[in-house]
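Scroll down for the structure; my scribbles are underneath it.
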Amino acid sequence: MRPEPLLSIRNLRTRFKTYEGMVTAVDRLSLDVHRGETLGVVGESGCGKSVTALSILRLLPSPPAEIQGEILFEGTNILDLTPDRIRQIRGNAISIIFQEPLTSLNPVLTIGEQISEAIRLHQGVTRQEAWKRAVEMLELVQIPSPDARAHEYPHQLSGGMRQRAMIAMALSCRPQLLLADEPTTALDVTIQAQIIDLMVRLKEEFRTSIVLITHNLGLIAGMARRVVVMYLGKMVEEAPVKDLFREPLHPYTQGLLESIPWIGQKLKTGKRLLREIPGIVPNPLEMPEGCRFHPRCPRVMEVCRKEEPPLKELNGGRKVLCWLWN
Amino acid sequence: MLSCSRLVAPKIDWNMLRYVIKRLISTLPVLIGISFLLFFMLRMLPGDPAQVLAGQMATPEEVQNIRHQLGLDRPIFTQYALFLGRLVRFDLGRSARTQNPVIEEVWARLPNTILLAVAAIILACLFGIPAGILSAVRPYTWIDYLVTSMALFGISMPVFWLGLMLVVLFSVILQWLPAGGTGTWKHVILPSITLAAFVVAFIARMTRASMMEALAQDYTTTARSKGLKESVVVVKHALKNALIPIITVVGLQFGLLLGGAVLTETVFAWPGLGRLIVDSILARDYPVIQGAILIFGLLYILVNLMVDLVYAFVDPRIRYD
């Protein structure tokens, strides 16, 4: 029996009220994040990855958002907490990093102020002490001359520096869980590698669990131990990262993996090097009946068009949402 | 460079100072432009100032005399050159009606106008900005509808009508406040409310739009994700970002208020610049019109400069170099 997970999401359903009707962004999602582990969440744009992260911290404005289900953090359901209690968790026990560091940092406040205000809030220290710790955090994320940088504004920093500052901010109160929503997508490839190294190092140092949300399978391979694959708000597959790359079970995961190039990949005659998944992500207002992936699935069967498959648990901690395995 | 920077006192922002001086120098051509337009547009007005001054019963000789005294019988470009020449020496001429120096006429009215403008703009900010924030924080609720419909009301309401209604209510029926004139703080209340009505509505709408935009930005979500209270998120994180357009509107409106609120000043018999200009136009008192409008132009330019300088304090991305 494994110990109790740090975060346990049960039947999470996040919907948005729009003028055209209810849009279900996340549909009955269940997953666990254990202490010290990095869980990867992959999927195309619009599959509900980011909404899941925002739901965990209850950062979605309601209305239009409606969140149902359970989000158990250390056994407490976050969705039942009062606004005051959820604020004590935000930025303290659970923090979040966003994709675009330029727009995510406040342009009119100094970096030092933006980091130290969370420290002041959650650790109840004086202004000077909080500033000192903010500078230490900047040093920890390897920003050169952190003393001077703390007094600068986001526009005076480069993209990679800004993301480092975001990481410093997110980790400043030593959170147990870090939600990283596409943390490297907006950065140059060389900077991406640096940021990943930094996150791996700090994760060890701070013993923080990470939910790494990305569409970048390479990033998942490098950082995560387990992966959850999402499609149209649903988890379609969950597996240890090695198993997923070696033997993807869901046709969607197979399609994802075939669409990325591998070093050393041989070009076989008559076979295309890279394959795309045919079709586009359907309009969320007109979800397909049965399995949501069936209009794009190369191995679609009659049952897929009519009935939604149940989540099948297989050996080795694998789960798959597909009729092929039932 | 190095030896230079050592001489510089650390607190002074030399870039800013250089910018201010540059801007002040650049007001000169603008003022000359204003004087040119003003001078020739005034002369295009129908009506003969000498005739107006002399009165209906005057003989042609008397009219001709006055015309000569005022220099109106000279070629128009000579008149303009003389006018500019005097302007350089800060001599705005004398009023054709009262024979007092124009500068004194304007000077006597200016404090009243500034008092009214400042009172109105403070009133407008005090109500407009919080109202706009409130409706942005609770969009599409009753409070938002209340604010937006009040704002529509304020923008659409004719100033003279509002002024008269206030007089009817507070001066005639309740007899709490004087109906017009100056002297005590009580005299300021009704005209400044009348003036502020439009401005408050304008500021509230701008604040609402600007705040809605700021509240939808990623940095607002970041601020919430840190666990900050909603009031801190709104005021510290969103409002500071939303201020630039609000400051612009406040500055422009203040500049306009300084130009004198003709209708309000008329309704409340308020001796300000606006009424001076109107009275002078009716009397074809060219020197006073010219002088008053030039002063107004100068004030307007200065207010705009101040607004530009305030930007830099609010938004660190704005630099003057």
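Residues in the structure tokens are numbered from 1 in each chain, the chains being A, B, ... in the order shown, and ligands are numbered from 1 in the order shown.
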In region 37-216 of chain A, what's strand (DSSP E or B) per DSSP? Answer as a VMD selection string?
chain A and resid 38 to 42 65 to 73 76 to 77 90 94 to 97 177 to 181 209 to 214
Include N, CA and C atoms and write out the residues we just selected as a CSV table (one decimal), in the first residue's frame.
chain,number,residue,atom,x,y,z
A,38,THR,N,7.1,14.0,-9.5
A,38,THR,CA,6.7,14.9,-10.6
A,38,THR,C,5.7,14.2,-11.5
A,39,LEU,N,4.5,14.7,-11.6
A,39,LEU,CA,3.5,14.1,-12.4
A,39,LEU,C,3.4,15.0,-13.7
A,40,GLY,N,3.5,14.3,-14.8
A,40,GLY,CA,3.4,15.0,-16.1
A,40,GLY,C,1.9,15.0,-16.6
A,41,VAL,N,1.4,16.1,-17.1
A,41,VAL,CA,0.1,16.1,-17.7
A,41,VAL,C,0.3,16.6,-19.1
A,42,VAL,N,0.0,15.8,-20.1
A,42,VAL,CA,0.1,16.2,-21.5
A,42,VAL,C,-1.2,16.2,-22.2
A,65,ALA,N,-17.2,29.9,-14.1
A,65,ALA,CA,-16.7,28.5,-13.9
A,65,ALA,C,-17.5,27.8,-12.8
A,66,GLU,N,-17.7,26.5,-13.0
A,66,GLU,CA,-18.4,25.7,-12.0
A,66,GLU,C,-17.5,24.5,-11.8
A,67,ILE,N,-17.1,24.3,-10.5
A,67,ILE,CA,-16.2,23.2,-10.2
A,67,ILE,C,-16.9,22.2,-9.4
A,68,GLN,N,-16.9,20.9,-9.8
A,68,GLN,CA,-17.5,19.8,-9.0
A,68,GLN,C,-16.5,18.8,-8.7
A,69,GLY,N,-16.8,17.9,-7.8
A,69,GLY,CA,-15.9,16.8,-7.4
A,69,GLY,C,-15.1,17.1,-6.2
A,70,GLU,N,-14.0,16.4,-6.0
A,70,GLU,CA,-13.2,16.6,-4.8
A,70,GLU,C,-11.7,16.8,-5.2
A,71,ILE,N,-11.1,17.8,-4.5
A,71,ILE,CA,-9.7,18.0,-4.7
A,71,ILE,C,-9.1,17.9,-3.3
A,72,LEU,N,-8.6,16.7,-2.9
A,72,LEU,CA,-8.1,16.5,-1.6
A,72,LEU,C,-6.6,16.8,-1.5
A,73,PHE,N,-6.3,17.8,-0.7
A,73,PHE,CA,-4.9,18.2,-0.5
A,73,PHE,C,-4.6,17.8,1.0
A,76,THR,N,-7.7,17.2,2.9
A,76,THR,CA,-8.8,18.2,3.0
A,76,THR,C,-9.3,18.6,1.6
A,77,ASN,N,-10.6,18.7,1.5
A,77,ASN,CA,-11.1,19.0,0.2
A,77,ASN,C,-11.0,20.6,0.0
A,90,ARG,N,-2.8,29.1,-1.1
A,90,ARG,CA,-2.2,29.7,-2.3
A,90,ARG,C,-0.9,30.3,-2.1
A,94,ILE,N,0.6,25.4,-1.9
A,94,ILE,CA,0.6,25.1,-3.3
A,94,ILE,C,0.8,26.4,-4.1
A,95,SER,N,1.8,26.4,-5.0
A,95,SER,CA,2.0,27.6,-5.8
A,95,SER,C,2.0,27.2,-7.3
A,96,ILE,N,2.0,28.2,-8.1
A,96,ILE,CA,1.8,27.9,-9.6
A,96,ILE,C,2.7,28.8,-10.4
A,97,ILE,N,3.2,28.2,-11.5
A,97,ILE,CA,4.0,29.0,-12.4
A,97,ILE,C,3.3,29.0,-13.8
A,177,LEU,N,3.6,21.6,-3.1
A,177,LEU,CA,3.2,21.3,-4.4
A,177,LEU,C,3.3,22.5,-5.3
A,178,LEU,N,4.0,22.2,-6.5
A,178,LEU,CA,4.1,23.3,-7.5
A,178,LEU,C,3.4,22.9,-8.7
A,179,LEU,N,2.5,23.7,-9.2
A,179,LEU,CA,1.8,23.5,-10.4
A,179,LEU,C,2.6,24.3,-11.5
A,180,ALA,N,3.2,23.6,-12.4
A,180,ALA,CA,3.9,24.3,-13.5
A,180,ALA,C,3.2,24.2,-14.8
A,181,ASP,N,2.6,25.3,-15.2
A,181,ASP,CA,1.7,25.3,-16.4
A,181,ASP,C,2.5,25.7,-17.6
A,209,SER,N,6.6,18.5,-4.6
A,209,SER,CA,6.0,17.7,-5.7
A,209,SER,C,5.6,18.7,-6.8
A,210,ILE,N,5.7,18.1,-8.0
A,210,ILE,CA,5.4,19.0,-9.2
A,210,ILE,C,4.3,18.4,-10.0
A,211,VAL,N,3.4,19.2,-10.4
A,211,VAL,CA,2.5,18.8,-11.5
A,211,VAL,C,2.9,19.6,-12.7
A,212,LEU,N,3.5,18.9,-13.7
A,212,LEU,CA,4.1,19.5,-14.8
A,212,LEU,C,3.1,19.4,-16.0
A,213,ILE,N,2.6,20.6,-16.4
A,213,ILE,CA,1.6,20.6,-17.4
A,213,ILE,C,2.3,21.1,-18.7
A,214,THR,N,2.2,20.3,-19.8
A,214,THR,CA,2.9,20.7,-21.0
A,214,THR,C,2.3,19.9,-22.2
Near chain A, meaning an atom within 7 Å, which residues of chain B appear when counting only C-alpha atoms? Write them as a ChimeraX atom specification.
/B:218-219,221-222,225-228,237,241,315-316
Could those residues be written to a file, using C-alpha atoms, as a PDB file, in the first residue's frame?
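Okay, this is what ended up in out_14.pdb:
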ATOM      1  CA  ASP B 218      -2.305  37.190 -16.207  1.00  0.00           C
ATOM      2  CA  TYR B 219      -0.557  39.162 -13.479  1.00  0.00           C
ATOM      3  CA  THR B 221      -4.160  35.679 -11.607  1.00  0.00           C
ATOM      4  CA  THR B 222      -0.554  35.512 -10.399  1.00  0.00           C
ATOM      5  CA  SER B 225      -2.238  32.653  -6.784  1.00  0.00           C
ATOM      6  CA  LYS B 226       0.033  34.080  -4.096  1.00  0.00           C
ATOM      7  CA  GLY B 227      -2.858  34.106  -1.665  1.00  0.00           C
ATOM      8  CA  LEU B 228      -3.279  37.872  -1.564  1.00  0.00           C
ATOM      9  CA  HIS B 237      -1.945  44.924  -8.563  1.00  0.00           C
ATOM     10  CA  ASN B 241      -1.785  49.138 -13.917  1.00  0.00           C
ATOM     11  CA  ASP B 315       4.505  53.160 -14.860  1.00  0.00           C
ATOM     12  CA  PRO B 316       8.205  52.295 -14.594  1.00  0.00           C
TER      13      PRO B 316
END
Considering only C-alpha atoms, return as a PyMOL selection string whatever protein or nucleic-acid residues lie within 12 Å of Tyr145 (chain B), sequence-local ones (same chain, fewer than 6 positions apart) excluded.
chain B and resi 131-132+134-136+138-139+151-153+205+208
Could you find all residues in region 147-226 of chain A that DSSP calls helix (DSSP H, G or I) from the backbone, and write them as a ChimeraX atom specification?
/A:147-149,154-156,159-171,189-206,217-223
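Reported to one decimal place, the separation of CA of Ser8 (chain A) from CA of Pro284 (chain A) is 25.9 Å.
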Please provide as a PyMOL selection string all residues within 6 Å of Ser95 (chain B), with the sequence filter that same-chain residues fewer than 6 positions apart are discarded (counting only C-alpha atoms).
chain B and resi 102+287-288
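Closest approach to Glu276 (chain A) from the set A:Gln176, A:Thr253, A:Asn216, A:Ser62 is made by A:Thr253, with distances taken over only C-alpha atoms.
The list of residues with at least one atom within 12 Å of Pro49 (chain B), based on only C-alpha atoms and without residues fewer than 4 positions apart in the same chain, reads Leu42, Arg43, Met44, Leu45, Leu53, Ala54, Gly55, Gln56, Val63, Gln64, Ile66, Arg67, His68, Gln69, Leu70, Gly71, Leu72, Asp73, Ser95, Ala96, Arg97, Ser280, Ile281, Leu282, Ala283, Arg284, Asp285, Tyr286 and Pro287 of chain B.
When only C-alpha atoms are used to measure the gap to Glu182 (chain A), the shortest distance among A:Ser30, A:Ser55, A:Thr82, A:Ser50 belongs to A:Ser50.
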Which residues are close to Gly33 (chain B), i.e. within 12 Å by only C-alpha atoms, leaving aside same-chain residues fewer than 6 positions away? Reply as a ChimeraX atom specification.
/B:26-27,39-40,84,294,297-298
Next, dump the selected residues to file, keeping only C-alpha atoms, as a PDB file, in the first residue's frame.
ATOM      1  CA  SER B  26       8.572  73.419 -27.016  1.00  0.00           C
ATOM      2  CA  THR B  27       5.537  75.221 -25.606  1.00  0.00           C
ATOM      3  CA  PHE B  39      -5.652  86.672 -33.764  1.00  0.00           C
ATOM      4  CA  PHE B  40      -6.866  85.999 -37.283  1.00  0.00           C
ATOM      5  CA  LEU B  84       3.455  89.597 -30.785  1.00  0.00           C
ATOM      6  CA  LEU B 294      -3.500  82.509 -24.406  1.00  0.00           C
ATOM      7  CA  GLY B 297      -3.569  77.627 -23.678  1.00  0.00           C
ATOM      8  CA  LEU B 298      -0.530  77.937 -21.451  1.00  0.00           C
TER       9      LEU B 298
END
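Computed from the coordinates, the CA of Glu20 (chain A) to CA of Val147 (chain B) distance equals 27.8 Å.
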Correct to one decimal, the distance CA of Ala148 (chain A)-CA of Arg133 (chain A) is 14.0 Å
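The residue that comes closest to Met235 (chain A), out of A:Ser145, A:Thr126, A:Ser259, A:Asn11 and on the basis of only C-alpha atoms, is A:Asn11.
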Would you pick out the contacts of Pro251 (chain A) at 12 Å or less, using only C-alpha atoms, so that residues sharing its chain but fewer than 3 positions from it are not included, and give the list as a PyMOL selection string?
chain A and resi 229+231+236-237+244+247-248+254-258+277-278+291-300+320-325
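Checking B:Gly274, B:Pro46, B:Gly85, B:Gly163 one by one against Ile289 (chain B), counting only C-alpha atoms, you find the shortest gap at B:Gly274.
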